[in-house]
Amino acid sequence: MLDDRAVRIIEILKDSFIPLLQAGLVFTVPLALVSFVLGLGLALLTALARISGIKVLEAIARFYVWIVRGTPLMVQLFIIFYGLPKAGIIIDAWPAAVIGFTLNVGAYASETIRAAIQSIPRGQWEAAYSVGMSYPQVLRRIVLPQAARVSVPPLANSFISLVKDTSLAASITLTEMFQIGQRITAATYEPLWVYIEVAFIYLMICTVLSRLQNYLEIRLGKYVIK
Amino acid sequence: MITIKNLYKSFGESEILKGIDLEVKKGETTVIIGPSGSGKTTLLRCINLLEIPTRGTIHVGQKTLTFGEGSDPTQRDIIELRKNTGMVFQGFHLFPHMTTLDNVMEGQVTVLKRSKEEAREKGLGLLEKVGLKEKSSAYPYQLSGGQQQRVAIARAMAMEPAVLLFDEPTSALDPELAAEVLKVMKDLAHEGMTMVVVTHKMSFAQDVAHQAIFVDGGILLEKGSPTQVFKNPRHERTKLFLSMLDD
Ligand SMILES: Nc1ncnc2c1ncn2[C@@H]1O[C@H](COP(=O)(O)OP(=O)(O)OP(=O)(O)O)[C@@H](O)[C@H]1O
Ligand SMILES: [Mg+2]
């Protein structure tokens, strides 16, 4: 026998599932994806600066990583969205979130990429130089493809963290999945069940991503002994 | 083909090469022997500029570069000279993420800008020459050490260098596998490839080398025909070293 409350909760969960999933697919996933792709680009540049042997570049890269890693992501988002307007720089919630997450990914992933590049044996560089390749050619053709394989597990970790961290964007007024959840909770007074539902959708998205990671690892790993 | 004049190389405080003069004629094979730490690898790596000499002149093929006087050669000069050389390492260093054929095609396509078809044809020809045509789609980890080294030789040959440099190409291999690599090297020597080989395989040196040099403490102590250097060395130091080789 289902009592009235249970019927009501099931009703709420049913009604809110589609809007939540939609918010997840329309806001959360694209926000994470765009930030991650931009962040990876920034991370690669930062990693290359760190190992460039050029003092100024190394210092800039180290300073950037130091700042981003040493401060909370939420505080960074608040500075960009609520703080910068006081300095005359007004940024909408969506680009502000993208900037914040991109900077974050750029800093963390740069360390992953740097370590991956440095894990490729010197002999690979030397063999590539010996056939007459230039530094960019060695990087692009020989070192980065091998570093990519090593980087997949840690970068997948970063991406999955990022998907969850996008919920912080709710705090700068962005209507992503978590904020939709908050609204539904406010209207229904069922925080327990609605937030479990929100958690469940995050879990589904992250599960798909883990599968993707496995697939990538297998694809990129086909040249190593199993 | 190669002329080295007054070559010095220091790592920090320690001077490893102390004024090497060496000439290698077109179509000839030079064998370098010497004790561990004497600077053989460093000398070889200076010839293709994986190490930048502290001082001295290096001429390979059509290109001459002088170091340690006024303005040093640019990166571009260095790559240009290096393109005249091919290098075969003790540890093979094949590109593990590429098939055997792709390893041999890579430099041709990326550096020489040959078309894929041309590079493939040339690559398959070279793999056939080193006896590995049927392994063209294998990855390096699927090959034995001897096979990997033969692919590495094909990879170097694909660039049509004026000279091939070998740094103890067989010392990481069992005798059987070493033999198949040495066979390929002998064939190359007989076809008139110019080669500089660091090795302690005396039978190889006797068979194919036109010139042998003995390096000790960064100095070129002995230079001559293999018979001269191995049978009638002028220095006690060379005699002592040769007596300690078991091959
Ligand atoms: N990059 C480097 N930095 C500092 N010292 C180096 C470097 N490379 C080589 N050396 C030193 O130079 C000396 C000569 O080394 P090299 O490798 O040329 O000797 P080798 O004759 O090839 O010896 P082996 O027979 O053991 O291969 C050694 O003492 C070595 O420690
Ligand atoms: Mg050596």
# chains A, B, ... in the order shown; residues from 1 in each chain; ligands from 1
call {"tool": "residues_around", "arguments": {"residues": "Ser210 (chain A)", "least_positions_apart": "4", "cutoff": "10 Å", "atoms": "only C-alpha atoms", "output": "PyMOL selection string"}}
result
chain A and resi 153+156-157+159-160+204-206+214-216
call {"tool": "select_by_dssp", "arguments": {"residues": "region 127-196 of chain B", "states": "helix (DSSP H, G or I)", "output": "ChimeraX atom specification"}}
result
/B:127-129,133-135,140-142,145-157,175-190
call {"tool": "residues_near_ligand", "arguments": {"ligand": "ligand 2", "cutoff": "12 Å", "atoms": "only C-alpha atoms and all ligand atoms", "output": "ChimeraX atom specification"}}
result
/B:32-45,89-91,166-169,171-172,197-200,215
call {"tool": "write_last_selection", "arguments": {"atoms": "C-alpha atoms", "output": "PDB file, in the first residue's frame"}}
result
ATOM      1  CA  ILE B  32      85.674   3.179 -33.036  1.00  0.00           C
ATOM      2  CA  ILE B  33      86.869   1.180 -30.043  1.00  0.00           C
ATOM      3  CA  GLY B  34      87.871   2.264 -26.567  1.00  0.00           C
ATOM      4  CA  PRO B  35      87.218   1.681 -22.894  1.00  0.00           C
ATOM      5  CA  SER B  36      83.955   2.579 -21.184  1.00  0.00           C
ATOM      6  CA  GLY B  37      83.691   6.281 -20.514  1.00  0.00           C
ATOM      7  CA  SER B  38      86.391   7.177 -23.028  1.00  0.00           C
ATOM      8  CA  GLY B  39      83.988   9.345 -25.022  1.00  0.00           C
ATOM      9  CA  LYS B  40      83.003   7.103 -27.970  1.00  0.00           C
ATOM     10  CA  THR B  41      79.283   7.820 -27.641  1.00  0.00           C
ATOM     11  CA  THR B  42      79.953  11.502 -27.102  1.00  0.00           C
ATOM     12  CA  LEU B  43      82.085  11.619 -30.254  1.00  0.00           C
ATOM     13  CA  LEU B  44      79.350   9.946 -32.291  1.00  0.00           C
ATOM     14  CA  ARG B  45      76.678  12.236 -30.849  1.00  0.00           C
ATOM     15  CA  PHE B  89      71.259   3.505 -31.121  1.00  0.00           C
ATOM     16  CA  GLN B  90      72.230   0.800 -28.696  1.00  0.00           C
ATOM     17  CA  GLY B  91      68.634   0.818 -27.364  1.00  0.00           C
ATOM     18  CA  PHE B 166      76.070   3.221 -35.088  1.00  0.00           C
ATOM     19  CA  ASP B 167      76.526   3.323 -31.315  1.00  0.00           C
ATOM     20  CA  GLU B 168      77.131  -0.223 -30.092  1.00  0.00           C
ATOM     21  CA  PRO B 169      74.206  -1.466 -32.169  1.00  0.00           C
ATOM     22  CA  SER B 171      75.587  -4.819 -27.399  1.00  0.00           C
ATOM     23  CA  ALA B 172      72.018  -5.126 -26.106  1.00  0.00           C
ATOM     24  CA  VAL B 197      80.510   2.249 -35.950  1.00  0.00           C
ATOM     25  CA  VAL B 198      81.257   2.090 -32.252  1.00  0.00           C
ATOM     26  CA  THR B 199      81.584  -1.632 -31.607  1.00  0.00           C
ATOM     27  CA  HIS B 200      83.756  -4.209 -29.969  1.00  0.00           C
ATOM     28  CA  VAL B 215      89.771   6.428 -28.193  1.00  0.00           C
TER      29      VAL B 215
END
call {"tool": "atom_distance", "arguments": {"atom1": "CA of Phe204 (chain B)", "atom2": "CA of Pro161 (chain B)"}}
result
21.9 Å
call {"tool": "residues_around", "arguments": {"residues": "Met1 (chain B)", "least_positions_apart": "2", "cutoff": "10 Å", "atoms": "only C-alpha atoms", "output": "mmCIF file with N, CA and C atoms, in the first residue's frame"}}
result
data_model
loop_
_atom_site.group_PDB
_atom_site.id
_atom_site.type_symbol
_atom_site.label_atom_id
_atom_site.label_comp_id
_atom_site.auth_asym_id
_atom_site.auth_seq_id
_atom_site.Cartn_x
_atom_site.Cartn_y
_atom_site.Cartn_z
ATOM 1 N N THR B 3 84.651 15.232 -41.977
ATOM 2 C CA THR B 3 85.933 15.727 -41.489
ATOM 3 C C THR B 3 85.691 16.404 -40.149
ATOM 4 N N GLU B 23 88.968 11.799 -40.093
ATOM 5 C CA GLU B 23 88.435 11.903 -41.451
ATOM 6 C C GLU B 23 87.851 10.564 -41.860
ATOM 7 N N VAL B 24 86.669 10.614 -42.459
ATOM 8 C CA VAL B 24 86.036 9.391 -42.958
ATOM 9 C C VAL B 24 85.738 9.598 -44.431
ATOM 10 N N LYS B 25 86.284 8.711 -45.260
ATOM 11 C CA LYS B 25 86.088 8.888 -46.710
ATOM 12 C C LYS B 25 84.773 8.283 -47.162
ATOM 13 N N LYS B 26 84.273 8.812 -48.249
ATOM 14 C CA LYS B 26 83.023 8.315 -48.835
ATOM 15 C C LYS B 26 83.127 6.825 -49.115
ATOM 16 N N GLY B 27 82.098 6.104 -48.701
ATOM 17 C CA GLY B 27 82.038 4.672 -48.990
ATOM 18 C C GLY B 27 82.850 3.812 -48.035
ATOM 19 N N GLU B 28 83.468 4.438 -47.042
ATOM 20 C CA GLU B 28 84.300 3.669 -46.116
ATOM 21 C C GLU B 28 83.639 3.505 -44.750
ATOM 22 N N HIS B 59 82.401 18.675 -40.438
ATOM 23 C CA HIS B 59 81.940 18.723 -41.823
ATOM 24 C C HIS B 59 81.321 17.376 -42.152
ATOM 25 N N VAL B 60 80.062 17.388 -42.580
ATOM 26 C CA VAL B 60 79.421 16.146 -43.018
ATOM 27 C C VAL B 60 78.708 16.422 -44.333
ATOM 28 N N GLY B 61 78.959 15.569 -45.316
ATOM 29 C CA GLY B 61 78.325 15.754 -46.618
ATOM 30 C C GLY B 61 78.729 17.092 -47.197
ATOM 31 N N GLN B 62 77.737 17.975 -47.393
ATOM 32 C CA GLN B 62 78.024 19.278 -48.005
ATOM 33 C C GLN B 62 78.120 20.385 -46.960
ATOM 34 N N LYS B 63 77.943 20.024 -45.708
ATOM 35 C CA LYS B 63 77.721 21.061 -44.697
ATOM 36 C C LYS B 63 78.893 21.119 -43.709
ATOM 37 N N ASN B 84 72.170 15.036 -42.959
ATOM 38 C CA ASN B 84 73.161 14.253 -43.699
ATOM 39 C C ASN B 84 73.558 12.983 -42.973
ATOM 40 N N ALA B 162 74.128 10.785 -45.860
ATOM 41 C CA ALA B 162 75.458 10.614 -46.427
ATOM 42 C C ALA B 162 76.267 9.631 -45.590
ATOM 43 N N VAL B 163 75.929 9.546 -44.311
ATOM 44 C CA VAL B 163 76.695 8.673 -43.425
ATOM 45 C C VAL B 163 75.768 8.090 -42.366
ATOM 46 N N THR B 194 78.688 4.826 -46.321
ATOM 47 C CA THR B 194 79.685 5.380 -45.408
ATOM 48 C C THR B 194 79.182 5.197 -43.983
#
call {"tool": "closest_residue", "arguments": {"among": "B:Glu80, B:Glu118, B:Glu15, B:Asp216", "to": "chain A", "atoms": "only C-alpha atoms"}}
result
B:Glu80
call {"tool": "interface_residues", "arguments": {"of": "chain B", "to": "chain A", "cutoff": "9 Å", "atoms": "only C-alpha atoms", "output": "ChimeraX atom specification"}}
result
/B:48-50,75-76,79-89,91-99,106-108,110-112,139-142,155-156,158-159
call {"tool": "write_last_selection", "arguments": {"atoms": "N, CA, C and O atoms", "output": "compact mmCIF listing (two decimals), in the first residue's frame"}}
result
# COMPACT_ATOMS: atom_id res chain seq x y z
N ASN B 48 76.48 14.00 -35.16
CA ASN B 48 75.14 14.39 -35.64
C ASN B 48 74.50 15.48 -34.76
O ASN B 48 73.32 15.75 -34.86
N LEU B 49 75.34 16.05 -33.90
CA LEU B 49 74.95 17.24 -33.13
C LEU B 49 73.80 17.00 -32.15
O LEU B 49 73.07 17.92 -31.80
N LEU B 50 73.65 15.74 -31.71
CA LEU B 50 72.80 15.52 -30.54
C LEU B 50 73.49 16.15 -29.33
O LEU B 50 72.84 16.54 -28.37
N GLN B 75 69.91 26.71 -34.89
CA GLN B 75 69.17 25.44 -34.85
C GLN B 75 68.93 24.92 -36.27
O GLN B 75 69.00 23.73 -36.53
N ARG B 76 68.70 25.87 -37.15
CA ARG B 76 68.45 25.51 -38.54
C ARG B 76 69.67 24.86 -39.18
O ARG B 76 69.56 23.82 -39.85
N ILE B 79 70.03 21.32 -37.82
CA ILE B 79 69.13 20.34 -38.44
C ILE B 79 69.59 20.01 -39.86
O ILE B 79 69.57 18.86 -40.27
N GLU B 80 70.07 21.03 -40.57
CA GLU B 80 70.55 20.79 -41.94
C GLU B 80 71.71 19.80 -41.94
O GLU B 80 71.74 18.87 -42.74
N LEU B 81 72.66 20.00 -41.04
CA LEU B 81 73.79 19.07 -40.98
C LEU B 81 73.31 17.67 -40.56
O LEU B 81 73.72 16.66 -41.13
N ARG B 82 72.41 17.67 -39.59
CA ARG B 82 71.95 16.39 -39.06
C ARG B 82 71.25 15.55 -40.14
O ARG B 82 71.30 14.33 -40.11
N LYS B 83 70.61 16.25 -41.09
CA LYS B 83 69.91 15.52 -42.16
C LYS B 83 70.88 14.72 -43.02
O LYS B 83 70.46 13.83 -43.75
N ASN B 84 72.17 15.04 -42.96
CA ASN B 84 73.16 14.25 -43.70
C ASN B 84 73.56 12.98 -42.97
O ASN B 84 74.36 12.20 -43.48
N THR B 85 73.05 12.82 -41.75
CA THR B 85 73.47 11.68 -40.95
C THR B 85 72.27 10.82 -40.58
O THR B 85 71.14 11.29 -40.55
N GLY B 86 72.54 9.55 -40.32
CA GLY B 86 71.52 8.67 -39.74
C GLY B 86 72.13 8.04 -38.51
O GLY B 86 73.34 7.83 -38.46
N MET B 87 71.30 7.77 -37.50
CA MET B 87 71.86 7.26 -36.25
C MET B 87 71.15 5.98 -35.84
O MET B 87 69.91 5.91 -35.88
N VAL B 88 71.93 4.99 -35.43
CA VAL B 88 71.36 3.75 -34.90
C VAL B 88 71.87 3.60 -33.47
O VAL B 88 73.07 3.63 -33.22
N PHE B 89 70.92 3.47 -32.54
CA PHE B 89 71.26 3.51 -31.12
C PHE B 89 71.39 2.10 -30.53
O PHE B 89 70.79 1.15 -31.02
N GLY B 91 69.96 1.21 -27.87
CA GLY B 91 68.63 0.82 -27.36
C GLY B 91 67.52 0.89 -28.40
O GLY B 91 66.35 0.96 -28.04
N PHE B 92 67.86 0.90 -29.68
CA PHE B 92 66.91 0.90 -30.82
C PHE B 92 66.07 2.17 -30.91
O PHE B 92 66.07 2.85 -31.93
N HIS B 93 65.29 2.46 -29.85
CA HIS B 93 64.44 3.66 -29.83
C HIS B 93 63.50 3.75 -31.01
O HIS B 93 63.34 4.83 -31.60
N LEU B 94 62.88 2.65 -31.39
CA LEU B 94 61.80 2.75 -32.38
C LEU B 94 60.65 3.53 -31.76
O LEU B 94 60.53 3.59 -30.53
N PHE B 95 59.81 4.11 -32.61
CA PHE B 95 58.64 4.82 -32.11
C PHE B 95 57.56 3.78 -31.78
O PHE B 95 57.02 3.15 -32.70
N PRO B 96 57.25 3.59 -30.52
CA PRO B 96 56.42 2.43 -30.14
C PRO B 96 54.96 2.56 -30.57
O PRO B 96 54.28 1.55 -30.66
N HIS B 97 54.51 3.78 -30.86
CA HIS B 97 53.11 3.96 -31.23
C HIS B 97 52.89 3.83 -32.73
O HIS B 97 51.79 4.09 -33.22
N MET B 98 53.93 3.44 -33.44
CA MET B 98 53.79 3.30 -34.90
C MET B 98 54.20 1.89 -35.32
O MET B 98 55.07 1.28 -34.70
N THR B 99 53.58 1.43 -36.41
CA THR B 99 53.99 0.14 -36.94
C THR B 99 55.41 0.25 -37.50
O THR B 99 55.94 1.36 -37.67
N GLU B 106 58.03 7.64 -41.33
CA GLU B 106 57.81 8.88 -40.58
C GLU B 106 58.72 10.03 -41.02
O GLU B 106 58.24 11.11 -41.36
N GLY B 107 60.02 9.81 -41.00
CA GLY B 107 60.95 10.87 -41.36
C GLY B 107 60.80 11.29 -42.81
O GLY B 107 60.89 12.47 -43.15
N GLN B 108 60.53 10.31 -43.65
CA GLN B 108 60.37 10.62 -45.09
C GLN B 108 59.21 11.59 -45.30
O GLN B 108 59.30 12.52 -46.09
N THR B 110 57.48 13.44 -42.78
CA THR B 110 57.52 14.64 -41.96
C THR B 110 58.67 15.57 -42.34
O THR B 110 58.49 16.79 -42.39
N VAL B 111 59.83 14.99 -42.60
CA VAL B 111 61.02 15.82 -42.83
C VAL B 111 61.27 16.03 -44.32
O VAL B 111 61.46 17.16 -44.77
N LEU B 112 61.26 14.94 -45.08
CA LEU B 112 61.59 15.06 -46.50
C LEU B 112 60.38 15.43 -47.35
O LEU B 112 60.51 15.71 -48.54
N TYR B 139 53.84 -3.94 -34.55
CA TYR B 139 54.32 -2.86 -33.68
C TYR B 139 55.66 -3.29 -33.07
O TYR B 139 55.92 -4.49 -32.92
N PRO B 140 56.49 -2.32 -32.70
CA PRO B 140 57.81 -2.66 -32.17
C PRO B 140 57.77 -3.70 -31.04
O PRO B 140 58.62 -4.58 -30.99
N TYR B 141 56.77 -3.61 -30.14
CA TYR B 141 56.77 -4.55 -29.02
C TYR B 141 56.57 -6.00 -29.47
O TYR B 141 56.81 -6.92 -28.71
N GLN B 142 56.14 -6.17 -30.72
CA GLN B 142 55.93 -7.53 -31.22
C GLN B 142 57.19 -8.10 -31.88
O GLN B 142 57.16 -9.21 -32.40
N ARG B 155 64.98 2.59 -40.81
CA ARG B 155 64.47 3.94 -40.54
C ARG B 155 65.53 5.00 -40.85
O ARG B 155 65.24 6.04 -41.44
N ALA B 156 66.77 4.70 -40.44
CA ALA B 156 67.85 5.65 -40.70
C ALA B 156 68.16 5.73 -42.19
O ALA B 156 68.35 6.81 -42.75
N ALA B 158 66.21 5.29 -44.64
CA ALA B 158 65.11 5.89 -45.41
C ALA B 158 65.36 7.36 -45.71
O ALA B 158 64.83 7.91 -46.66
N MET B 159 66.19 7.99 -44.87
CA MET B 159 66.45 9.41 -45.06
C MET B 159 67.58 9.63 -46.06
O MET B 159 67.97 10.76 -46.31
call {"tool": "residues_around", "arguments": {"residues": "Glu197 (chain A)", "least_positions_apart": "3", "cutoff": "8 Å", "atoms": "only C-alpha atoms", "output": "PyMOL selection string"}}
result
chain A and resi 13+17+193-194+200-201
call {"tool": "write_last_selection", "arguments": {"atoms": "N, CA, C and O atoms", "output": "JSON list (two decimals), in the first residue's frame"}}
result
[["chain", "number", "residue", "atom", "x", "y", "z"],
["A", 13, "LEU", "N", 9.23, 13.19, -8.62],
["A", 13, "LEU", "CA", 10.44, 12.68, -9.27],
["A", 13, "LEU", "C", 10.20, 12.46, -10.76],
["A", 13, "LEU", "O", 11.06, 12.75, -11.59],
["A", 17, "PHE", "N", 12.21, 14.67, -13.58],
["A", 17, "PHE", "CA", 13.31, 13.94, -14.22],
["A", 17, "PHE", "C", 13.69, 14.55, -15.56],
["A", 17, "PHE", "O", 14.87, 14.82, -15.83],
["A", 193, "TRP", "N", 14.65, 13.69, -1.72],
["A", 193, "TRP", "CA", 14.43, 12.90, -2.93],
["A", 193, "TRP", "C", 14.86, 13.61, -4.18],
["A", 193, "TRP", "O", 15.44, 13.01, -5.10],
["A", 194, "VAL", "N", 14.64, 14.91, -4.23],
["A", 194, "VAL", "CA", 15.03, 15.64, -5.45],
["A", 194, "VAL", "C", 16.55, 15.67, -5.59],
["A", 194, "VAL", "O", 17.10, 15.44, -6.68],
["A", 200, "PHE", "N", 21.72, 11.21, -8.94],
["A", 200, "PHE", "CA", 21.61, 10.06, -9.83],
["A", 200, "PHE", "C", 21.94, 10.45, -11.28],
["A", 200, "PHE", "O", 22.63, 9.73, -12.00],
["A", 201, "ILE", "N", 21.48, 11.63, -11.70],
["A", 201, "ILE", "CA", 21.76, 12.05, -13.08],
["A", 201, "ILE", "C", 23.25, 12.36, -13.27],
["A", 201, "ILE", "O", 23.86, 11.98, -14.27]]
call {"tool": "atom_distance", "arguments": {"atom1": "CA of Gly70 (chain B)", "atom2": "CA of Ile58 (chain B)"}}
result
15.5 Å
call {"tool": "select_by_dssp", "arguments": {"residues": "region 20-216 of chain B", "states": "strand (DSSP E)", "output": "PyMOL selection string"}}
result
chain B and resi 20-24+29-33+55-60+63-67+85-88+163-167+195-198+211-216
call {"tool": "residues_around", "arguments": {"residues": "region 34-45 of chain A", "least_positions_apart": "6", "cutoff": "10 Å", "atoms": "only C-alpha atoms", "output": "ChimeraX atom specification"}}
result
/A:61,65,95,97-114,144,155,158-159,162-163,166
call {"tool": "residues_around", "arguments": {"residues": "Leu17 (chain B)", "least_positions_apart": "5", "cutoff": "8 Å", "atoms": "only C-alpha atoms", "output": "list in words"}}
result
Leu7, Tyr8, Lys9, Ser10, Gly39, Thr42, Leu43, Gly217, Gly218 and Ile219 of chain B
call {"tool": "atom_distance", "arguments": {"atom1": "CA of Ala189 (chain B)", "atom2": "CA of Pro175 (chain B)"}}
result
20.2 Å
